[in-house]
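Structure file upload.tsv (TSV, C-alpha atoms and all ligand atoms) follows.
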chain	number	residue	atom	x	y	z
A	1	MET	CA	0.00	0.00	0.00
A	2	THR	CA	1.09	3.54	-0.66
A	3	ASN	CA	1.10	5.57	2.50
A	4	ILE	CA	0.35	9.27	2.32
A	5	PHE	CA	2.74	9.99	5.20
A	6	ASN	CA	5.70	9.71	2.85
A	7	ASN	CA	4.40	12.31	0.43
A	8	ASP	CA	5.51	15.47	2.29
A	9	ALA	CA	9.09	15.08	1.09
A	10	LYS	CA	7.86	15.35	-2.50
A	11	LEU	CA	7.02	19.03	-1.92
A	12	PHE	CA	10.75	19.73	-2.24
A	13	ASP	CA	10.85	18.29	-5.78
A	14	TYR	CA	9.10	21.41	-7.07
A	15	ASP	CA	10.39	24.76	-8.37
A	16	ILE	CA	7.15	26.64	-7.79
A	17	LEU	CA	4.39	25.93	-5.28
A	18	LEU	CA	0.97	27.55	-5.47
A	19	ILE	CA	-0.63	27.30	-2.04
A	20	ASP	CA	-4.21	27.72	-0.92
A	21	VAL	CA	-4.90	29.41	2.44
A	22	TYR	CA	-8.11	28.19	4.10
A	23	GLY	CA	-7.85	24.55	5.05
A	24	VAL	CA	-4.13	24.39	4.19
A	25	ILE	CA	-2.33	27.19	6.05
A	26	LYS	CA	-5.20	28.40	8.17
A	27	GLY	CA	-8.03	26.51	9.78
A	28	GLY	CA	-11.02	27.72	11.74
A	29	ASN	CA	-8.71	28.24	14.74
A	30	GLY	CA	-5.84	30.12	13.16
A	31	LEU	CA	-2.67	28.64	11.69
A	32	ILE	CA	-2.60	24.90	11.17
A	33	GLN	CA	0.13	23.34	13.29
A	34	GLY	CA	3.59	23.47	11.76
A	35	VAL	CA	2.78	25.49	8.64
A	36	GLU	CA	5.07	28.34	9.65
A	37	GLU	CA	8.08	26.03	9.75
A	38	ARG	CA	7.00	24.27	6.58
A	39	LEU	CA	6.67	27.51	4.60
A	40	GLU	CA	10.00	28.75	5.87
A	41	SER	CA	11.76	25.53	4.90
A	42	LEU	CA	10.32	25.67	1.38
A	43	VAL	CA	11.42	29.28	0.88
A	44	LYS	CA	14.89	28.41	2.27
A	45	ALA	CA	15.10	25.52	-0.21
A	46	GLY	CA	14.81	28.07	-3.03
A	47	ILE	CA	11.24	27.17	-4.02
A	48	LYS	CA	9.03	30.03	-5.23
A	49	VAL	CA	6.05	30.07	-2.88
A	50	ILE	CA	2.98	31.80	-4.26
A	51	ILE	CA	-0.19	31.96	-2.18
A	52	LEU	CA	-3.27	31.48	-4.37
A	53	SER	CA	-6.48	32.05	-2.48
A	54	ASN	CA	-10.16	32.24	-3.30
A	55	ALA	CA	-10.91	35.18	-1.01
A	56	THR	CA	-12.54	38.47	-1.82
A	57	GLN	CA	-9.99	40.32	0.31
A	58	ARG	CA	-7.44	42.44	-1.56
A	59	THR	CA	-3.87	41.15	-1.67
A	60	SER	CA	-2.53	43.96	0.55
A	61	ASP	CA	-5.07	43.18	3.29
A	62	SER	CA	-4.33	39.47	3.03
A	63	ILE	CA	-0.60	40.11	3.49
A	64	LYS	CA	-1.44	42.17	6.59
A	65	SER	CA	-3.56	39.33	8.00
A	66	PHE	CA	-0.68	36.92	7.34
A	67	ALA	CA	1.74	39.25	9.16
A	68	LYS	CA	-0.54	39.29	12.19
A	69	MET	CA	-0.24	35.50	12.27
A	70	GLY	CA	3.55	35.69	11.96
A	71	LEU	CA	3.82	34.89	8.26
A	72	GLN	CA	6.18	37.27	6.49
A	73	LYS	CA	6.78	37.98	2.83
A	74	ASP	CA	10.09	36.56	1.58
A	75	VAL	CA	10.45	34.46	4.74
A	76	HIS	CA	7.33	32.31	4.47
A	77	PHE	CA	6.08	33.17	0.97
A	78	HIS	CA	7.02	35.33	-2.01
A	79	ASP	CA	3.71	36.57	-3.33
A	80	TYR	CA	0.03	36.47	-2.49
A	81	ILE	CA	-2.75	36.35	-5.08
A	82	THR	CA	-6.44	36.53	-4.20
A	83	SER	CA	-9.46	36.17	-6.46
A	84	GLY	CA	-10.59	39.43	-4.82
A	85	GLU	CA	-7.53	41.24	-6.19
A	86	MET	CA	-8.37	39.94	-9.67
A	87	ALA	CA	-11.97	41.10	-9.22
A	88	PHE	CA	-10.80	44.50	-8.00
A	89	GLU	CA	-8.64	44.89	-11.11
A	90	MET	CA	-11.52	43.89	-13.40
A	91	ILE	CA	-13.73	46.44	-11.67
A	92	SER	CA	-11.22	49.29	-11.51
A	93	ASN	CA	-10.22	48.94	-15.16
A	94	GLY	CA	-13.87	48.65	-16.21
A	95	GLU	CA	-13.48	45.18	-17.71
A	96	LEU	CA	-16.36	43.62	-15.77
A	97	PHE	CA	-19.44	43.29	-18.06
A	98	ASN	CA	-17.75	45.82	-20.35
A	99	LYS	CA	-18.93	44.06	-23.51
A	100	GLU	CA	-22.53	44.23	-22.28
A	101	GLY	CA	-22.10	47.83	-21.12
A	102	TYR	CA	-23.45	47.08	-17.63
A	103	THR	CA	-22.50	49.50	-14.86
A	104	LYS	CA	-25.44	49.39	-12.41
A	105	PHE	CA	-25.40	46.69	-9.80
A	106	CYS	CA	-26.96	45.54	-6.56
A	107	GLN	CA	-25.48	43.22	-3.96
A	108	PHE	CA	-26.50	39.91	-2.49
A	109	GLY	CA	-25.11	39.35	0.98
A	110	ILE	CA	-22.88	41.47	3.21
A	111	PRO	CA	-22.26	44.66	1.18
A	112	ARG	CA	-18.75	45.17	-0.23
A	113	LYS	CA	-18.47	48.82	-1.18
A	114	ASP	CA	-14.66	48.91	-1.24
A	115	LEU	CA	-14.37	46.67	-4.29
A	116	PHE	CA	-16.38	49.11	-6.38
A	117	GLU	CA	-15.05	52.42	-4.99
A	118	ASN	CA	-13.75	54.89	-7.57
A	119	SER	CA	-14.95	52.72	-10.43
A	120	LYS	CA	-17.56	53.28	-13.12
A	121	TYR	CA	-19.90	50.82	-11.39
A	122	GLN	CA	-22.76	52.23	-9.35
A	123	GLU	CA	-24.85	50.53	-6.74
A	124	THR	CA	-28.59	50.82	-7.31
A	125	ASP	CA	-31.65	48.94	-6.21
A	126	ILE	CA	-32.65	45.69	-7.81
A	127	ASN	CA	-35.09	47.32	-10.24
A	128	GLU	CA	-32.38	49.47	-11.79
A	129	ALA	CA	-29.56	46.98	-11.55
A	130	GLU	CA	-28.01	45.38	-14.63
A	131	PHE	CA	-26.09	42.76	-12.66
A	132	PHE	CA	-25.57	41.73	-9.06
A	133	TYR	CA	-22.50	41.07	-6.98
A	134	ILE	CA	-22.52	37.88	-4.95
A	135	SER	CA	-21.08	38.77	-1.57
A	136	THR	CA	-20.69	36.65	1.56
A	137	PRO	CA	-24.11	35.27	2.47
A	138	MET	CA	-25.46	36.77	5.65
A	139	ILE	CA	-25.83	33.70	7.76
A	140	GLY	CA	-27.91	33.98	10.83
A	141	ALA	CA	-28.76	36.76	13.23
A	142	GLU	CA	-25.15	37.53	14.25
A	143	ALA	CA	-24.03	38.70	10.81
A	144	TYR	CA	-27.21	40.71	10.40
A	145	LYS	CA	-26.83	42.45	13.77
A	146	LYS	CA	-23.32	43.58	12.87
A	147	GLN	CA	-24.63	45.62	9.95
A	148	LYS	CA	-25.14	49.38	10.30
A	149	PRO	CA	-28.81	50.36	10.86
A	150	GLU	CA	-29.04	52.31	7.60
A	151	LEU	CA	-27.78	49.30	5.70
A	152	LYS	CA	-30.29	47.05	7.39
A	153	GLU	CA	-33.08	49.30	6.14
A	154	ASN	CA	-31.92	49.00	2.56
A	155	LEU	CA	-30.99	45.40	2.54
A	156	PHE	CA	-33.54	43.72	0.42
A	157	LEU	CA	-31.21	40.94	-0.38
A	158	SER	CA	-29.94	38.07	1.63
A	159	ARG	CA	-31.48	38.68	5.00
A	160	ILE	CA	-34.03	35.93	4.81
A	161	ASN	CA	-32.19	33.98	7.46
A	162	ALA	CA	-31.43	36.97	9.63
A	163	GLU	CA	-34.00	36.55	12.32
A	164	GLU	CA	-33.49	32.94	13.08
A	165	ASP	CA	-30.68	30.47	13.23
A	166	LYS	CA	-32.68	27.41	12.47
A	167	TYR	CA	-30.86	26.45	9.30
A	168	ASP	CA	-27.74	24.42	8.82
A	169	SER	CA	-25.17	27.02	7.79
A	170	THR	CA	-23.86	24.88	4.94
A	171	ILE	CA	-27.12	24.88	3.02
A	172	ILE	CA	-28.30	27.48	0.56
A	173	ASP	CA	-32.02	26.78	1.01
A	174	PRO	CA	-32.77	29.87	3.15
A	175	PHE	CA	-31.54	32.11	0.33
A	176	ILE	CA	-33.43	30.43	-2.50
A	177	PRO	CA	-36.55	32.65	-2.32
A	178	GLU	CA	-34.37	35.76	-2.76
A	179	LEU	CA	-32.36	34.21	-5.57
A	180	LYS	CA	-35.63	33.31	-7.30
A	181	GLU	CA	-36.66	36.94	-6.95
A	182	ILE	CA	-33.41	38.09	-8.59
A	183	SER	CA	-33.75	35.53	-11.33
A	184	LYS	CA	-37.12	37.06	-12.25
A	185	HIS	CA	-35.13	40.20	-13.10
A	186	LYS	CA	-32.82	38.01	-15.21
A	187	LEU	CA	-29.76	39.69	-13.72
A	188	PRO	CA	-26.35	38.18	-14.47
A	189	ALA	CA	-24.15	37.74	-11.41
A	190	PHE	CA	-20.52	38.33	-10.57
A	191	CYS	CA	-18.81	36.09	-8.02
A	192	ALA	CA	-15.23	36.58	-6.80
A	193	ASN	CA	-15.02	33.50	-4.60
A	194	PRO	CA	-16.09	30.19	-6.19
A	195	ASP	CA	-15.80	28.24	-2.90
A	196	TYR	CA	-19.04	26.53	-1.86
A	197	ILE	CA	-18.17	26.40	1.83
A	198	ALA	CA	-15.50	27.57	4.29
A	199	ASN	CA	-14.77	26.75	7.89
A	200	GLU	CA	-15.17	29.46	10.47
A	201	THR	CA	-14.86	29.40	14.20
A	202	ALA	CA	-18.03	30.19	16.11
A	203	LYS	CA	-17.95	32.12	19.40
A	204	THR	CA	-18.23	28.80	21.19
A	205	GLY	CA	-14.87	27.81	19.69
A	206	GLU	CA	-16.59	25.18	17.63
A	207	ILE	CA	-15.57	25.01	13.96
A	208	ASN	CA	-18.48	25.39	11.61
A	209	PHE	CA	-18.61	24.90	7.91
A	210	VAL	CA	-20.56	27.79	6.44
A	211	ILE	CA	-21.85	28.52	2.98
A	212	ARG	CA	-19.77	30.87	0.82
A	213	GLN	CA	-20.22	32.88	-2.39
A	214	GLY	CA	-19.66	29.92	-4.71
A	215	GLY	CA	-22.61	28.18	-3.07
A	216	THR	CA	-24.82	31.13	-3.94
A	217	ALA	CA	-23.41	31.17	-7.48
A	218	LYS	CA	-24.16	27.48	-7.92
A	219	ALA	CA	-27.73	27.87	-6.67
A	220	TYR	CA	-28.26	30.81	-9.01
A	221	LYS	CA	-26.89	28.82	-11.96
A	222	ASP	CA	-29.21	25.95	-10.99
A	223	LEU	CA	-32.09	28.43	-11.26
A	224	GLY	CA	-30.96	29.22	-14.80
A	225	GLY	CA	-29.00	32.37	-13.92
A	226	GLU	CA	-25.73	33.43	-15.53
A	227	VAL	CA	-22.67	33.86	-13.33
A	228	THR	CA	-19.25	35.27	-14.14
A	229	GLU	CA	-16.73	33.86	-11.68
A	230	VAL	CA	-13.09	34.54	-10.91
A	231	GLY	CA	-10.87	32.30	-8.81
A	232	LYS	CA	-9.95	28.63	-8.68
A	233	PRO	CA	-10.80	26.31	-10.52
A	234	TYR	CA	-10.91	28.74	-13.45
A	235	SER	CA	-7.64	28.89	-15.34
A	236	GLU	CA	-7.63	32.72	-15.47
A	237	ILE	CA	-6.33	32.95	-11.90
A	238	TYR	CA	-3.51	30.55	-12.78
A	239	ASP	CA	-2.73	32.68	-15.82
A	240	TYR	CA	-2.73	35.71	-13.52
A	241	ALA	CA	-0.15	33.93	-11.35
A	242	TYR	CA	2.01	33.11	-14.39
A	243	ASN	CA	1.87	36.73	-15.54
A	244	LEU	CA	3.02	37.79	-12.09
A	245	LEU	CA	5.88	35.27	-12.18
A	246	GLU	CA	6.95	36.70	-15.52
A	247	ARG	CA	6.60	40.34	-14.47
A	248	LYS	CA	8.22	40.10	-11.04
A	249	TYR	CA	10.60	37.19	-11.34
A	250	GLY	CA	11.39	37.12	-15.06
A	251	ILE	CA	10.13	33.55	-15.55
A	252	SER	CA	8.50	33.49	-18.98
A	253	LYS	CA	5.56	31.23	-19.79
A	254	GLU	CA	7.79	29.18	-22.09
A	255	GLU	CA	10.19	28.70	-19.19
A	256	LEU	CA	7.30	27.79	-16.89
A	257	LYS	CA	6.59	24.81	-19.14
A	258	THR	CA	9.98	23.40	-18.12
A	259	LYS	CA	9.49	24.05	-14.38
A	260	LYS	CA	8.01	21.69	-11.83
A	261	ILE	CA	4.89	23.35	-10.47
A	262	ALA	CA	2.33	22.09	-7.95
A	263	MET	CA	-0.83	23.41	-6.34
A	264	ILE	CA	-1.47	22.57	-2.68
A	265	GLY	CA	-5.09	22.71	-1.59
A	266	ASP	CA	-7.78	21.15	0.55
A	267	THR	CA	-10.59	21.24	-2.05
A	268	ILE	CA	-10.79	18.99	-5.08
A	269	ARG	CA	-13.37	21.07	-6.95
A	270	THR	CA	-11.33	24.29	-6.81
A	271	ASP	CA	-7.64	23.70	-6.00
A	272	ILE	CA	-7.08	20.30	-7.56
A	273	GLN	CA	-9.38	20.85	-10.54
A	274	GLY	CA	-7.72	24.26	-11.02
A	275	ALA	CA	-4.34	22.54	-11.40
A	276	ILE	CA	-5.88	20.21	-14.00
A	277	ASN	CA	-7.48	23.14	-15.84
A	278	SER	CA	-4.17	25.01	-15.92
A	279	THR	CA	-2.51	21.95	-17.42
A	280	ASN	CA	-5.21	21.42	-20.04
A	281	GLU	CA	-6.12	24.98	-20.95
A	282	LEU	CA	-2.87	26.90	-20.52
A	283	GLY	CA	-0.40	24.16	-21.41
A	284	ILE	CA	1.51	24.72	-18.16
A	285	LYS	CA	1.64	21.50	-16.18
A	286	VAL	CA	0.61	21.78	-12.56
A	287	ASP	CA	0.64	18.75	-10.24
A	288	SER	CA	-1.41	18.81	-7.06
A	289	PHE	CA	-1.23	17.94	-3.37
A	290	LEU	CA	-4.52	17.49	-1.55
A	291	THR	CA	-4.27	18.14	2.20
A	292	LEU	CA	-6.64	16.52	4.66
A	293	THR	CA	-6.94	19.48	7.03
A	294	GLY	CA	-9.85	21.23	5.35
A	295	VAL	CA	-12.99	20.81	3.29
A	296	SER	CA	-12.23	17.40	1.73
A	297	ALA	CA	-11.39	15.81	5.08
A	298	LYS	CA	-14.84	16.68	6.35
A	299	ASP	CA	-16.33	13.70	4.50
A	300	ILE	CA	-13.66	11.13	5.41
A	301	ASP	CA	-13.70	8.92	8.45
A	302	LYS	CA	-10.97	9.92	10.93
A	303	ASP	CA	-9.72	6.31	11.15
A	304	ILE	CA	-9.23	6.22	7.41
A	305	ILE	CA	-7.16	9.42	7.53
A	306	ASP	CA	-5.07	8.03	10.41
A	307	ARG	CA	-4.32	4.81	8.53
A	308	GLY	CA	-3.01	6.93	5.67
A	309	ASP	CA	-3.65	4.37	2.94
A	310	ASP	CA	-3.65	6.31	-0.32
A	311	THR	CA	-6.03	3.90	-2.10
A	312	GLU	CA	-8.52	3.86	0.76
A	313	ILE	CA	-8.50	7.66	1.03
A	314	ARG	CA	-9.02	8.15	-2.70
A	315	LYS	CA	-11.93	5.72	-2.51
A	316	SER	CA	-13.50	7.77	0.32
A	317	LEU	CA	-12.95	10.97	-1.62
A	318	ASN	CA	-14.39	9.31	-4.69
A	319	SER	CA	-11.65	11.00	-6.67
A	320	ASP	CA	-8.37	10.11	-8.26
A	321	LYS	CA	-7.61	13.70	-9.29
A	322	PRO	CA	-4.88	14.75	-6.80
A	323	THR	CA	-1.34	13.85	-7.83
A	324	TYR	CA	-0.50	13.33	-4.16
A	325	ILE	CA	-2.41	13.33	-0.89
A	326	ILE	CA	-0.82	14.61	2.33
A	327	LYS	CA	-2.29	14.51	5.80
A	328	SER	CA	-1.31	18.08	6.58
A	329	PHE	CA	0.79	20.81	5.02
A	330	GLY	CA	2.19	21.52	8.49
A	331	LEU	CA	5.25	19.74	9.82
A	401	MG	MG	-9.19	25.96	0.90
Do you think you could lay out the structure here as structure tokens?
Amino acid sequence: MTNIFNNDAKLFDYDILLIDVYGVIKGGNGLIQGVEERLESLVKAGIKVIILSNATQRTSDSIKSFAKMGLQKDVHFHDYITSGEMAFEMISNGELFNKEGYTKFCQFGIPRKDLFENSKYQETDINEAEFFYISTPMIGAEAYKKQKPELKENLFLSRINAEEDKYDSTIIDPFIPELKEISKHKLPAFCANPDYIANETAKTGEINFVIRQGGTAKAYKDLGGEVTEVGKPYSEIYDYAYNLLERKYGISKEELKTKKIAMIGDTIRTDIQGAINSTNELGIKVDSFLTLTGVSAKDIDKDIIDRGDDTEIRKSLNSDKPTYIIKSFGL
């Protein structure tokens, strides 16, 4: 049997590592044990470490959050790319729905004004809107209470679940009536985080999986709506990373084809599939490491993880897509 516990060493075979954040570096309770040392050892070994995250945060804010956790640029990683930074660029250069000429939008979820500031896009109500931005779903009374009173007044969207916490936070069902309402207006959507779920720590210290923007996007698509998405698994974010490697480190795309590159992630649908899409669509081969500290591990029996049998784990995951499986990215 192949044991996954021997796979960590293979990380050092690579020239460039693209690394996801949630479920790999960070869990619901802060840094995953040993990731600091792991990142430092990879950087010391001369490997280019690029963080590639589906998060709507800007890159600069993400680097600040990393610093607060003790992760420093050029010590633990070289660069940080978020799908939010890509979205911000699309918005600030007017590329988003440019072909269609759409500029008026409304938001679904916790409002994100900063992404649209100083751009040609203007927030309006749903009747005037030409598209809508899928923000973080407002799950439960806590998120709703945190909103400013004036916002609460105007929030038509995504507050269906605000008054009660009776729903499982990983299901989209409470938001379906509102999405149906939007779909009557036939509005296309924009989503800057394709993740279905994320893990968050509740006040009780308990780790909860909660629905994220990609879950809303999927439900809207299921209702027949159109969604433009940026982030993993779409190859554009990989291309964005390659452009950055060329611009900042002088590694051309031709040269990238000769490099050993791998994506490390906890989600098959985004991280691992993204590596496959990069290989197939951009002609730049990316291997993948699936870690069992995040979303994918949630469906596997703990005993199976502890045994570490590669075949048994792949069977539980119902997937043979990852090049390698590792128990944790931490040491
Ligand atoms: Mg993740």
Checklist line | Shell around stretch 30-44 of chain A at 6 Å using all atoms listed in the file, local window under 3 positions removed, as a list in words | finding: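 That gives Ile25, Lys26, Gly27, Ile47, Val75, His76, Gly330 and Leu331 of chain A.
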Note to self: Using all atoms listed in the file, which protein or nucleic acid residues come within 9 Å of A:Leu179? Drop anything in the same chain fewer than 3 positions from it, and give the result as a PyMOL selection string.
What the structure shows: chain A and resi 108+157-158+175-176+182-184+216+219-220+223
Next item on the list: Give as a ChimeraX atom specification the residues surrounding ligand MG 401 (chain A) up to a distance of 10 Å, considering only C-alpha atoms and all ligand atoms.
Entry: /A:19-27,52-55,195,197-199,232,264-268,270-271,290-291,293-296
Notebook entry, point to check: Using only C-alpha atoms, which residues sit within 10 Å of stretch 253-255 of chain A once same-chain residues fewer than 4 positions away are excluded, as a list in words?
Noted result: Asp239, Tyr242, Asn243, Leu245, Glu246, Lys259, Leu282, Gly283 and Ile284 of chain A
Next item on the list: Quick one: pull the distance between atom CA of A:Glu128 and atom CA of A:Glu100, Å, one decimal.
Entry: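 Distance between the two atoms: 15.3 Å.
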Next item on the list: Tell me, in Å to one decimal, how far atom CA of A:Thr56 is from atom CA of A:Tyr249.
Entry: 25.1 Å
Item checked: Given all atoms listed in the file as the counted atoms, nearest of A:Ala262, A:Tyr238, A:Asp299, A:Cys191 to A:Phe209 ->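 Smallest separation from A:Phe209 among the options: A:Asp299.
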Check: Suppose you want the space between atom CA of A:Ser65 and atom CA of A:Ala217; what is it in Å?
Finding: 26.5 Å
Next item on the list: May I ask which of the residues A:Ala241, A:Ala189, A:Met138, A:Ile251 is the closest one to A:Gly224, counting all atoms listed in the file?
Entry: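 Among the listed residues, the smallest separation from A:Gly224 belongs to A:Ala189.
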Next item on the list: Just the residues within 9 Å of A:Ile237, please, counting all atoms listed in the file, with nothing from its chain fewer than 3 positions along; format it as a PyMOL selection string.
Entry: chain A and resi 52+81-83+86+230-234+240-242+274
Notebook entry, point to check: Using all atoms listed in the file, what residues lie at most 8 Å away from (-7.8, 14.0, -9.6) (file coordinates), given as a list of chain:residue names?
Noted result: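 Within the cut-off we find A:Ile268, A:Ile272, A:Gln273, A:Ile276, A:Ser319, A:Asp320, A:Lys321, A:Pro322, A:Thr323.
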